[in-house]
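Heads up: the structure comes next, in structure tokens.
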Amino acid sequence: MRKVLGGLCITAALIILTVFLIHYGPIFMDYKESSDLYNGIKDKCTETGTNDPEISALLSGVDHVKDEYAPIDVDSEKLQDQNTDYIGWIYVPKTDISYPVVKSTDNTDYLHRDFNKQYSFPGTIFMDCRCKSGVLNHHSVLYGHNMNNGSMFAGLKSFRDQKYVDEHPVFWFITPKYKLLYKVYSVCNSNPYNRTQYGIDGVDYKNNEEFGKAIETMEKESVVKIQTDPIEDTDYIMSLSTCTGNSSVRCIVHGVLIGSVE
């Protein structure tokens with residue numbers, strides 16, 4: 001009897017394992033292929049930045065920020081040759097967020113396509129297609145998935161912790177021409193179904209007054225307290241947005257442009 005029960009347990013375990021591999025195996029492979037692709041791109045197209053006096057001077061304008069928050073160097077020409085939709089590189093110092101960014105004519109194009117335009121569930125970090133004036137909009141929005149393996153924009157959720165955001169006060173957006181430094185000034189839990197929470201669809205504003213109201217909303221709804229100079233309606237904002245485990249909540253990290261270097 002014990003042998004029969006033992007055999008049944010082994011059979012049941014093998015069935016469960018087989019079902020698990022059939023269901024989750026392709027997902028794990030997709031995650032691995034995505035990680036391998038982006039790690040390869042980083043190795044081929046980025047390197048540690050040089051100690052540039054201009055960059056040091058720019059960083060010195062942010063409290064407690066030193067050269068270890070400097071940007072990386074990016075070979076934009078290689079990336080543009082690989083994908084003509086490439087517009088820049090998002091880099092958050094002291095985190096795993098370091099990825100190429102694309103922009104197309106439809107926000108669904110890169111939801112589940114990698115940088116080589118092949119199907120991949122983790123997709124690619126992309127800029128909202130409604131940002132019409134290139135990479136420097138009054139409000140630019142970048143989207144990325146919150147992946148279970150910690151890749152893409154999963155790390156943004158950590159910014160909802162006060163200590164963490166204090167230790168990670170800046171991020172860079174590196175374009176083919178400029179390295180743009182943004183200071184984090186707000187972290188919000190946003191409702192993706194409220195399309196006018198930050199103005200007209202969150203990216204398109206009729207005038208500076210409307211944009212100013214959106215800025216006030218971002219600051220008011222921040223879940224952390226950040227000391228910064230007053231944000232003006234003439235400033236430039238970049239928001240990094242990802243989903244959470246709750247379909248009605250997105251985590252959004254808002255940064256204000258404080259300077260750039262060529």
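Chains: A, B, ... in order of the structure tokens. Residues: from 1 per chain. Ligands: from 1, in order shown.
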Per residue of segment 62-159 of chain A within 9 Å of segment 247-251 of chain A, what are the shortest atom pair and its distance in Å to one decimal, counting only C-alpha atoms, with rows by chain and residue number, as a tab-separated table?
```
residue	atom	partner	partner_atom	distance
A:Leu156	CA	A:Cys251	CA	7.0
A:Lys157	CA	A:Cys251	CA	6.3
A:Phe159	CA	A:Cys251	CA	8.8
```
Within 12 Å of Glu209 of chain A, counting only C-alpha atoms, which residues qualify if same-chain residues fewer than 5 places away don't, as a list in words?
Gly199, Ala214, Ile215, Glu216, Glu232, Asp233 and Thr234 of chain A
Selection above as a file: N, CA and C atoms, as a JSON list (two decimals), in the first residue's frame:
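Heads up, here's the output in selection-v6.json:
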```json
[["chain", "number", "residue", "atom", "x", "y", "z"],
["A", 199, "GLY", "N", -3.37, 66.86, -16.20],
["A", 199, "GLY", "CA", -3.64, 67.73, -17.34],
["A", 199, "GLY", "C", -4.30, 66.94, -18.46],
["A", 214, "ALA", "N", -0.93, 71.04, -13.27],
["A", 214, "ALA", "CA", -0.49, 69.64, -13.25],
["A", 214, "ALA", "C", 0.69, 69.47, -12.30],
["A", 215, "ILE", "N", 1.62, 70.43, -12.32],
["A", 215, "ILE", "CA", 2.77, 70.38, -11.42],
["A", 215, "ILE", "C", 2.32, 70.40, -9.97],
["A", 216, "GLU", "N", 1.34, 71.25, -9.67],
["A", 216, "GLU", "CA", 0.82, 71.34, -8.30],
["A", 216, "GLU", "C", 0.23, 69.99, -7.86],
["A", 232, "GLU", "N", 8.45, 75.61, -11.55],
["A", 232, "GLU", "CA", 7.73, 76.64, -12.30],
["A", 232, "GLU", "C", 7.06, 76.04, -13.54],
["A", 233, "ASP", "N", 6.07, 76.78, -14.08],
["A", 233, "ASP", "CA", 5.38, 76.27, -15.27],
["A", 233, "ASP", "C", 6.23, 76.39, -16.53],
["A", 234, "THR", "N", 7.43, 76.93, -16.40],
["A", 234, "THR", "CA", 8.36, 76.98, -17.53],
["A", 234, "THR", "C", 9.42, 75.88, -17.44]]
```
Given only C-alpha atoms as the counted atoms, nearest of A:Tyr143, A:Arg130, A:Leu180, A:Glu219 to Tyr205 of chain A:
A:Arg130
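Using only C-alpha atoms, the nearest neighbour of Leu257 of chain A within the list A:Met127, A:Cys243, A:Val170, A:Val223 is A:Val170.
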Residues within 12 Å of segment 186-188 of chain A, please, as a PDB file with N, CA, C and O atoms, in the first residue's frame. Count only C-alpha atoms; anything in the same chain fewer than 6 positions from it doesn't count.
```
ATOM      1  N   LEU A 156      11.293  51.195  -9.822  1.00  0.00           N
ATOM      2  CA  LEU A 156      10.640  52.460  -9.488  1.00  0.00           C
ATOM      3  C   LEU A 156       9.825  52.361  -8.201  1.00  0.00           C
ATOM      4  O   LEU A 156       9.680  53.353  -7.477  1.00  0.00           O
ATOM      5  N   LYS A 157       9.300  51.192  -7.905  1.00  0.00           N
ATOM      6  CA  LYS A 157       8.462  51.047  -6.707  1.00  0.00           C
ATOM      7  C   LYS A 157       9.244  51.362  -5.435  1.00  0.00           C
ATOM      8  O   LYS A 157       8.668  51.783  -4.435  1.00  0.00           O
ATOM      9  N   SER A 158      10.552  51.157  -5.481  1.00  0.00           N
ATOM     10  CA  SER A 158      11.375  51.438  -4.302  1.00  0.00           C
ATOM     11  C   SER A 158      11.384  52.920  -3.957  1.00  0.00           C
ATOM     12  O   SER A 158      11.654  53.292  -2.803  1.00  0.00           O
ATOM     13  N   PHE A 159      11.078  53.776  -4.926  1.00  0.00           N
ATOM     14  CA  PHE A 159      11.095  55.217  -4.684  1.00  0.00           C
ATOM     15  C   PHE A 159       9.949  55.652  -3.782  1.00  0.00           C
ATOM     16  O   PHE A 159       9.924  56.816  -3.341  1.00  0.00           O
ATOM     17  N   ARG A 160       9.030  54.768  -3.485  1.00  0.00           N
ATOM     18  CA  ARG A 160       7.948  55.128  -2.572  1.00  0.00           C
ATOM     19  C   ARG A 160       8.406  55.099  -1.115  1.00  0.00           C
ATOM     20  O   ARG A 160       7.639  55.468  -0.219  1.00  0.00           O
ATOM     21  N   ASP A 161       9.648  54.682  -0.893  1.00  0.00           N
ATOM     22  CA  ASP A 161      10.242  54.681   0.442  1.00  0.00           C
ATOM     23  C   ASP A 161      11.080  55.938   0.610  1.00  0.00           C
ATOM     24  O   ASP A 161      11.923  56.252  -0.231  1.00  0.00           O
ATOM     25  N   GLN A 162      10.852  56.672   1.707  1.00  0.00           N
ATOM     26  CA  GLN A 162      11.513  57.957   1.910  1.00  0.00           C
ATOM     27  C   GLN A 162      13.038  57.836   1.918  1.00  0.00           C
ATOM     28  O   GLN A 162      13.741  58.612   1.263  1.00  0.00           O
ATOM     29  N   TYR A 164      14.915  55.563   0.564  1.00  0.00           N
ATOM     30  CA  TYR A 164      15.412  55.185  -0.756  1.00  0.00           C
ATOM     31  C   TYR A 164      15.476  56.390  -1.693  1.00  0.00           C
ATOM     32  O   TYR A 164      16.473  56.604  -2.385  1.00  0.00           O
ATOM     33  N   VAL A 165      14.419  57.181  -1.715  1.00  0.00           N
ATOM     34  CA  VAL A 165      14.412  58.333  -2.614  1.00  0.00           C
ATOM     35  C   VAL A 165      15.442  59.363  -2.180  1.00  0.00           C
ATOM     36  O   VAL A 165      16.036  60.054  -3.017  1.00  0.00           O
ATOM     37  N   ASP A 166      15.710  59.458  -0.871  1.00  0.00           N
ATOM     38  CA  ASP A 166      16.759  60.361  -0.400  1.00  0.00           C
ATOM     39  C   ASP A 166      18.131  59.921  -0.909  1.00  0.00           C
ATOM     40  O   ASP A 166      19.011  60.760  -1.150  1.00  0.00           O
ATOM     41  N   PRO A 169      18.472  60.568  -5.557  1.00  0.00           N
ATOM     42  CA  PRO A 169      17.766  61.821  -5.824  1.00  0.00           C
ATOM     43  C   PRO A 169      17.742  62.270  -7.280  1.00  0.00           C
ATOM     44  O   PRO A 169      17.031  63.224  -7.608  1.00  0.00           O
ATOM     45  N   VAL A 170      18.512  61.620  -8.158  1.00  0.00           N
ATOM     46  CA  VAL A 170      18.594  62.104  -9.537  1.00  0.00           C
ATOM     47  C   VAL A 170      18.528  60.951 -10.534  1.00  0.00           C
ATOM     48  O   VAL A 170      18.763  59.787 -10.188  1.00  0.00           O
ATOM     49  N   GLN A 197      -5.494  63.428 -14.839  1.00  0.00           N
ATOM     50  CA  GLN A 197      -4.969  63.689 -13.501  1.00  0.00           C
ATOM     51  C   GLN A 197      -3.874  64.751 -13.519  1.00  0.00           C
ATOM     52  O   GLN A 197      -3.792  65.580 -12.637  1.00  0.00           O
ATOM     53  N   TYR A 198      -3.031  64.707 -14.536  1.00  0.00           N
ATOM     54  CA  TYR A 198      -1.944  65.676 -14.644  1.00  0.00           C
ATOM     55  C   TYR A 198      -2.142  66.611 -15.823  1.00  0.00           C
ATOM     56  O   TYR A 198      -1.199  67.107 -16.413  1.00  0.00           O
ATOM     57  N   ILE A 215       1.616  70.428 -12.315  1.00  0.00           N
ATOM     58  CA  ILE A 215       2.769  70.384 -11.422  1.00  0.00           C
ATOM     59  C   ILE A 215       2.316  70.398  -9.967  1.00  0.00           C
ATOM     60  O   ILE A 215       2.826  69.647  -9.122  1.00  0.00           O
ATOM     61  N   GLU A 216       1.343  71.253  -9.668  1.00  0.00           N
ATOM     62  CA  GLU A 216       0.817  71.336  -8.302  1.00  0.00           C
ATOM     63  C   GLU A 216       0.233  69.989  -7.862  1.00  0.00           C
ATOM     64  O   GLU A 216       0.418  69.556  -6.721  1.00  0.00           O
ATOM     65  N   THR A 217      -0.447  69.318  -8.787  1.00  0.00           N
ATOM     66  CA  THR A 217      -1.029  68.015  -8.479  1.00  0.00           C
ATOM     67  C   THR A 217       0.064  66.989  -8.197  1.00  0.00           C
ATOM     68  O   THR A 217      -0.039  66.194  -7.257  1.00  0.00           O
ATOM     69  N   MET A 218       1.112  66.999  -9.011  1.00  0.00           N
ATOM     70  CA  MET A 218       2.218  66.063  -8.809  1.00  0.00           C
ATOM     71  C   MET A 218       2.838  66.249  -7.430  1.00  0.00           C
ATOM     72  O   MET A 218       3.131  65.280  -6.723  1.00  0.00           O
ATOM     73  N   GLU A 219       3.064  67.496  -7.040  1.00  0.00           N
ATOM     74  CA  GLU A 219       3.680  67.774  -5.742  1.00  0.00           C
ATOM     75  C   GLU A 219       2.739  67.404  -4.592  1.00  0.00           C
ATOM     76  O   GLU A 219       3.161  66.813  -3.596  1.00  0.00           O
ATOM     77  N   LYS A 220       1.472  67.747  -4.725  1.00  0.00           N
ATOM     78  CA  LYS A 220       0.493  67.504  -3.674  1.00  0.00           C
ATOM     79  C   LYS A 220       0.304  66.012  -3.419  1.00  0.00           C
ATOM     80  O   LYS A 220       0.131  65.578  -2.270  1.00  0.00           O
ATOM     81  N   GLU A 221       0.340  65.199  -4.478  1.00  0.00           N
ATOM     82  CA  GLU A 221       0.048  63.773  -4.341  1.00  0.00           C
ATOM     83  C   GLU A 221       1.284  62.919  -4.091  1.00  0.00           C
ATOM     84  O   GLU A 221       1.187  61.692  -4.023  1.00  0.00           O
ATOM     85  N   SER A 222       2.433  63.540  -3.941  1.00  0.00           N
ATOM     86  CA  SER A 222       3.652  62.771  -3.708  1.00  0.00           C
ATOM     87  C   SER A 222       3.558  61.997  -2.393  1.00  0.00           C
ATOM     88  O   SER A 222       3.122  62.537  -1.366  1.00  0.00           O
ATOM     89  N   VAL A 223       3.991  60.742  -2.406  1.00  0.00           N
ATOM     90  CA  VAL A 223       3.937  59.898  -1.210  1.00  0.00           C
ATOM     91  C   VAL A 223       5.208  60.036  -0.378  1.00  0.00           C
ATOM     92  O   VAL A 223       5.321  59.434   0.700  1.00  0.00           O
ATOM     93  N   VAL A 224       6.178  60.823  -0.853  1.00  0.00           N
ATOM     94  CA  VAL A 224       7.396  61.100  -0.090  1.00  0.00           C
ATOM     95  C   VAL A 224       7.615  62.610  -0.045  1.00  0.00           C
ATOM     96  O   VAL A 224       7.087  63.350  -0.876  1.00  0.00           O
ATOM     97  N   LYS A 225       8.389  63.052   0.912  1.00  0.00           N
ATOM     98  CA  LYS A 225       8.684  64.470   1.052  1.00  0.00           C
ATOM     99  C   LYS A 225      10.068  64.753   0.468  1.00  0.00           C
ATOM    100  O   LYS A 225      11.055  64.140   0.870  1.00  0.00           O
ATOM    101  N   ILE A 226      10.119  65.666  -0.496  1.00  0.00           N
ATOM    102  CA  ILE A 226      11.380  65.966  -1.161  1.00  0.00           C
ATOM    103  C   ILE A 226      11.604  67.469  -1.140  1.00  0.00           C
ATOM    104  O   ILE A 226      10.744  68.243  -1.599  1.00  0.00           O
ATOM    105  N   GLN A 227      12.759  67.866  -0.630  1.00  0.00           N
ATOM    106  CA  GLN A 227      13.108  69.284  -0.608  1.00  0.00           C
ATOM    107  C   GLN A 227      13.640  69.692  -1.982  1.00  0.00           C
ATOM    108  O   GLN A 227      14.578  69.100  -2.495  1.00  0.00           O
ATOM    109  N   THR A 228      13.020  70.668  -2.583  1.00  0.00           N
ATOM    110  CA  THR A 228      13.463  71.140  -3.891  1.00  0.00           C
ATOM    111  C   THR A 228      13.034  72.586  -4.070  1.00  0.00           C
ATOM    112  O   THR A 228      12.140  73.075  -3.369  1.00  0.00           O
ATOM    113  N   ILE A 231       8.875  74.414  -8.338  1.00  0.00           N
ATOM    114  CA  ILE A 231       8.798  74.051  -9.750  1.00  0.00           C
ATOM    115  C   ILE A 231       7.936  75.075 -10.461  1.00  0.00           C
ATOM    116  O   ILE A 231       6.822  75.388 -10.024  1.00  0.00           O
ATOM    117  N   ILE A 237       9.651  68.640 -17.163  1.00  0.00           N
ATOM    118  CA  ILE A 237       9.420  67.484 -16.297  1.00  0.00           C
ATOM    119  C   ILE A 237       9.559  66.204 -17.098  1.00  0.00           C
ATOM    120  O   ILE A 237       9.099  66.109 -18.236  1.00  0.00           O
ATOM    121  N   MET A 238      10.201  65.193 -16.490  1.00  0.00           N
ATOM    122  CA  MET A 238      10.183  63.850 -17.065  1.00  0.00           C
ATOM    123  C   MET A 238       9.632  62.901 -16.014  1.00  0.00           C
ATOM    124  O   MET A 238      10.070  62.916 -14.858  1.00  0.00           O
ATOM    125  N   SER A 239       8.663  62.081 -16.404  1.00  0.00           N
ATOM    126  CA  SER A 239       8.025  61.142 -15.491  1.00  0.00           C
ATOM    127  C   SER A 239       8.321  59.713 -15.941  1.00  0.00           C
ATOM    128  O   SER A 239       8.193  59.390 -17.123  1.00  0.00           O
ATOM    129  N   LEU A 240       8.716  58.871 -14.987  1.00  0.00           N
ATOM    130  CA  LEU A 240       8.990  57.455 -15.235  1.00  0.00           C
ATOM    131  C   LEU A 240       7.835  56.666 -14.638  1.00  0.00           C
ATOM    132  O   LEU A 240       7.587  56.735 -13.432  1.00  0.00           O
ATOM    133  N   SER A 241       7.124  55.917 -15.463  1.00  0.00           N
ATOM    134  CA  SER A 241       5.868  55.307 -15.044  1.00  0.00           C
ATOM    135  C   SER A 241       5.892  53.794 -15.214  1.00  0.00           C
ATOM    136  O   SER A 241       6.360  53.276 -16.231  1.00  0.00           O
ATOM    137  N   THR A 242       5.372  53.095 -14.199  1.00  0.00           N
ATOM    138  CA  THR A 242       5.259  51.638 -14.286  1.00  0.00           C
ATOM    139  C   THR A 242       4.003  51.172 -13.565  1.00  0.00           C
ATOM    140  O   THR A 242       3.436  51.901 -12.747  1.00  0.00           O
ATOM    141  N   CYS A 243       3.596  49.951 -13.854  1.00  0.00           N
ATOM    142  CA  CYS A 243       2.426  49.380 -13.189  1.00  0.00           C
ATOM    143  C   CYS A 243       2.838  48.820 -11.829  1.00  0.00           C
ATOM    144  O   CYS A 243       4.026  48.680 -11.518  1.00  0.00           O
ATOM    145  N   THR A 244       1.847  48.503 -11.011  1.00  0.00           N
ATOM    146  CA  THR A 244       2.081  47.866  -9.717  1.00  0.00           C
ATOM    147  C   THR A 244       1.264  46.589  -9.698  1.00  0.00           C
ATOM    148  O   THR A 244       0.684  46.196 -10.704  1.00  0.00           O
ATOM    149  N   VAL A 249      -3.520  51.257 -10.002  1.00  0.00           N
ATOM    150  CA  VAL A 249      -2.460  52.118  -9.471  1.00  0.00           C
ATOM    151  C   VAL A 249      -1.199  51.973 -10.312  1.00  0.00           C
ATOM    152  O   VAL A 249      -0.759  50.860 -10.610  1.00  0.00           O
ATOM    153  N   ARG A 250      -0.644  53.111 -10.705  1.00  0.00           N
ATOM    154  CA  ARG A 250       0.667  53.138 -11.332  1.00  0.00           C
ATOM    155  C   ARG A 250       1.612  53.927 -10.429  1.00  0.00           C
ATOM    156  O   ARG A 250       1.204  54.899  -9.798  1.00  0.00           O
ATOM    157  N   CYS A 251       2.852  53.480 -10.392  1.00  0.00           N
ATOM    158  CA  CYS A 251       3.871  54.218  -9.653  1.00  0.00           C
ATOM    159  C   CYS A 251       4.600  55.130 -10.631  1.00  0.00           C
ATOM    160  O   CYS A 251       5.104  54.666 -11.658  1.00  0.00           O
ATOM    161  N   ILE A 252       4.633  56.430 -10.319  1.00  0.00           N
ATOM    162  CA  ILE A 252       5.253  57.395 -11.221  1.00  0.00           C
ATOM    163  C   ILE A 252       6.269  58.228 -10.462  1.00  0.00           C
ATOM    164  O   ILE A 252       5.946  58.848  -9.441  1.00  0.00           O
ATOM    165  N   VAL A 253       7.489  58.251 -10.966  1.00  0.00           N
ATOM    166  CA  VAL A 253       8.558  59.072 -10.410  1.00  0.00           C
ATOM    167  C   VAL A 253       8.716  60.293 -11.304  1.00  0.00           C
ATOM    168  O   VAL A 253       9.004  60.166 -12.498  1.00  0.00           O
ATOM    169  N   HIS A 254       8.509  61.480 -10.725  1.00  0.00           N
ATOM    170  CA  HIS A 254       8.603  62.713 -11.473  1.00  0.00           C
ATOM    171  C   HIS A 254       9.939  63.412 -11.199  1.00  0.00           C
ATOM    172  O   HIS A 254      10.336  63.569 -10.042  1.00  0.00           O
ATOM    173  N   GLY A 255      10.615  63.838 -12.262  1.00  0.00           N
ATOM    174  CA  GLY A 255      11.860  64.576 -12.103  1.00  0.00           C
ATOM    175  C   GLY A 255      11.800  65.901 -12.838  1.00  0.00           C
ATOM    176  O   GLY A 255      11.130  66.017 -13.869  1.00  0.00           O
ATOM    177  N   VAL A 256      12.481  66.917 -12.311  1.00  0.00           N
ATOM    178  CA  VAL A 256      12.545  68.220 -12.954  1.00  0.00           C
ATOM    179  C   VAL A 256      13.942  68.405 -13.508  1.00  0.00           C
ATOM    180  O   VAL A 256      14.939  68.094 -12.859  1.00  0.00           O
TER     181      VAL A 256
END
```
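Interatomic distance, atom CA of Trp172 of chain A to atom CA of Lys66 of chain A: 14.1 Å.
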Mind the document's chain letters and residue numbers, and return as an MDAnalysis selection string the residues of segment 61-181 of chain A that DSSP labels alpha helix (DSSP H).
chainID A and resid 76:82 162:167
Saved selection, atoms kept: all heavy atoms, as a compact mmCIF listing (two decimals), in the first residue's frame:
```txt
# COMPACT_ATOMS: atom_id res chain seq x y z
N SER A 76 25.35 56.40 -29.05
CA SER A 76 24.04 56.59 -29.66
C SER A 76 24.02 56.18 -31.12
O SER A 76 22.99 55.71 -31.64
CB SER A 76 23.61 58.06 -29.53
OG SER A 76 23.45 58.41 -28.18
N GLU A 77 25.13 56.34 -31.80
CA GLU A 77 25.18 56.01 -33.23
C GLU A 77 24.93 54.51 -33.45
O GLU A 77 24.16 54.13 -34.33
CB GLU A 77 26.53 56.40 -33.81
CG GLU A 77 26.61 56.24 -35.32
CD GLU A 77 27.90 56.77 -35.91
OE1 GLU A 77 28.62 57.52 -35.21
OE2 GLU A 77 28.20 56.44 -37.07
N LYS A 78 25.54 53.68 -32.63
CA LYS A 78 25.31 52.23 -32.73
C LYS A 78 23.85 51.90 -32.47
O LYS A 78 23.25 51.07 -33.15
CB LYS A 78 26.19 51.48 -31.73
CG LYS A 78 27.62 51.25 -32.18
CD LYS A 78 28.34 50.38 -31.16
CE LYS A 78 29.79 50.17 -31.57
NZ LYS A 78 30.53 49.34 -30.56
N LEU A 79 23.29 52.54 -31.45
CA LEU A 79 21.91 52.26 -31.08
C LEU A 79 20.93 52.71 -32.16
O LEU A 79 19.94 52.02 -32.45
CB LEU A 79 21.59 52.94 -29.75
CG LEU A 79 22.30 52.32 -28.54
CD1 LEU A 79 22.33 53.27 -27.37
CD2 LEU A 79 21.63 51.00 -28.15
N GLN A 80 21.19 53.85 -32.78
CA GLN A 80 20.32 54.32 -33.86
C GLN A 80 20.44 53.44 -35.10
O GLN A 80 19.47 53.26 -35.82
CB GLN A 80 20.65 55.78 -34.19
CG GLN A 80 20.18 56.75 -33.12
CD GLN A 80 20.60 58.19 -33.38
OE1 GLN A 80 21.70 58.45 -33.87
NE2 GLN A 80 19.73 59.13 -33.08
N ASP A 81 21.64 52.90 -35.32
CA ASP A 81 21.81 51.96 -36.43
C ASP A 81 21.02 50.68 -36.18
O ASP A 81 20.49 50.07 -37.11
CB ASP A 81 23.29 51.62 -36.62
CG ASP A 81 24.08 52.77 -37.24
OD1 ASP A 81 23.44 53.68 -37.81
OD2 ASP A 81 25.32 52.76 -37.13
N GLN A 82 20.93 50.28 -34.91
CA GLN A 82 20.24 49.05 -34.55
C GLN A 82 18.73 49.24 -34.58
O GLN A 82 17.98 48.32 -34.95
CB GLN A 82 20.69 48.59 -33.16
CG GLN A 82 20.17 47.21 -32.76
CD GLN A 82 20.84 46.71 -31.49
OE1 GLN A 82 21.88 47.21 -31.08
NE2 GLN A 82 20.25 45.70 -30.86
N GLN A 162 10.85 56.67 1.71
CA GLN A 162 11.51 57.96 1.91
C GLN A 162 13.04 57.84 1.92
O GLN A 162 13.74 58.61 1.26
CB GLN A 162 11.05 58.57 3.24
CG GLN A 162 11.59 59.96 3.49
CD GLN A 162 11.01 61.01 2.56
OE1 GLN A 162 9.80 61.14 2.46
NE2 GLN A 162 11.86 61.75 1.86
N LYS A 163 13.57 56.84 2.63
CA LYS A 163 15.02 56.68 2.70
C LYS A 163 15.61 56.39 1.32
O LYS A 163 16.67 56.92 0.96
CB LYS A 163 15.38 55.56 3.68
CG LYS A 163 16.89 55.38 3.85
CD LYS A 163 17.20 54.28 4.86
CE LYS A 163 18.72 54.09 4.99
NZ LYS A 163 19.04 52.99 5.94
N TYR A 164 14.91 55.56 0.56
CA TYR A 164 15.41 55.19 -0.76
C TYR A 164 15.48 56.39 -1.69
O TYR A 164 16.47 56.60 -2.39
CB TYR A 164 14.52 54.10 -1.37
CG TYR A 164 15.09 53.50 -2.64
CD1 TYR A 164 15.92 52.40 -2.60
CD2 TYR A 164 14.77 54.05 -3.89
CE1 TYR A 164 16.44 51.85 -3.76
CE2 TYR A 164 15.30 53.50 -5.05
CZ TYR A 164 16.13 52.40 -4.98
OH TYR A 164 16.65 51.87 -6.14
N VAL A 165 14.42 57.18 -1.71
CA VAL A 165 14.41 58.33 -2.61
C VAL A 165 15.44 59.36 -2.18
O VAL A 165 16.04 60.05 -3.02
CB VAL A 165 13.00 58.95 -2.73
CG1 VAL A 165 12.64 59.78 -1.52
CG2 VAL A 165 12.87 59.78 -4.00
N ASP A 166 15.71 59.46 -0.87
CA ASP A 166 16.76 60.36 -0.40
C ASP A 166 18.13 59.92 -0.91
O ASP A 166 19.01 60.76 -1.15
CB ASP A 166 16.78 60.41 1.14
CG ASP A 166 15.57 61.13 1.72
OD1 ASP A 166 14.91 61.88 0.96
OD2 ASP A 166 15.29 60.94 2.92
N GLU A 167 18.31 58.61 -1.07
CA GLU A 167 19.60 58.07 -1.51
C GLU A 167 19.71 57.98 -3.04
O GLU A 167 20.78 57.69 -3.57
CB GLU A 167 19.80 56.68 -0.91
CG GLU A 167 19.95 56.69 0.61
CD GLU A 167 19.97 55.29 1.21
OE1 GLU A 167 19.65 54.33 0.48
OE2 GLU A 167 20.30 55.17 2.42
```
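Shell of Leu59 of chain A at 9 Å, with only C-alpha atoms counted and residues fewer than 6 places along the chain excluded, is Val65, Lys66, Asp67, Tyr69, Ala70 and Leu181 of chain A.
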Let's have the selection written as an mmCIF file, in the first residue's frame, with N, CA, C and O atoms.
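Below is the file out12.cif, written as the result:
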```cif
data_model
loop_
_atom_site.group_PDB
_atom_site.id
_atom_site.type_symbol
_atom_site.label_atom_id
_atom_site.label_comp_id
_atom_site.auth_asym_id
_atom_site.auth_seq_id
_atom_site.Cartn_x
_atom_site.Cartn_y
_atom_site.Cartn_z
ATOM 1 N N VAL A 65 24.866 64.960 -3.479
ATOM 2 C CA VAL A 65 25.146 64.235 -4.719
ATOM 3 C C VAL A 65 26.582 64.517 -5.150
ATOM 4 O O VAL A 65 26.992 65.674 -5.255
ATOM 5 N N LYS A 66 27.331 63.450 -5.393
ATOM 6 C CA LYS A 66 28.720 63.597 -5.798
ATOM 7 C C LYS A 66 28.944 62.861 -7.121
ATOM 8 O O LYS A 66 27.999 62.462 -7.794
ATOM 9 N N ASP A 67 30.223 62.665 -7.468
ATOM 10 C CA ASP A 67 30.557 62.131 -8.784
ATOM 11 C C ASP A 67 30.043 60.716 -9.025
ATOM 12 O O ASP A 67 29.930 60.280 -10.167
ATOM 13 N N TYR A 69 27.228 59.755 -8.879
ATOM 14 C CA TYR A 69 25.934 59.884 -9.547
ATOM 15 C C TYR A 69 26.101 60.377 -10.992
ATOM 16 O O TYR A 69 25.129 60.748 -11.639
ATOM 17 N N ALA A 70 27.321 60.367 -11.481
ATOM 18 C CA ALA A 70 27.596 60.831 -12.844
ATOM 19 C C ALA A 70 26.959 59.901 -13.872
ATOM 20 O O ALA A 70 26.710 58.726 -13.596
ATOM 21 N N LEU A 181 20.108 66.050 -16.821
ATOM 22 C CA LEU A 181 20.033 65.646 -15.423
ATOM 23 C C LEU A 181 18.703 66.098 -14.817
ATOM 24 O O LEU A 181 18.355 67.276 -14.871
#
```
Would you mind listing what lies within 8 Å of His168 of chain A as an MDAnalysis selection string, with only C-alpha atoms counted and same-chain residues fewer than 4 positions away left out?
chainID A and resid 92:94 164
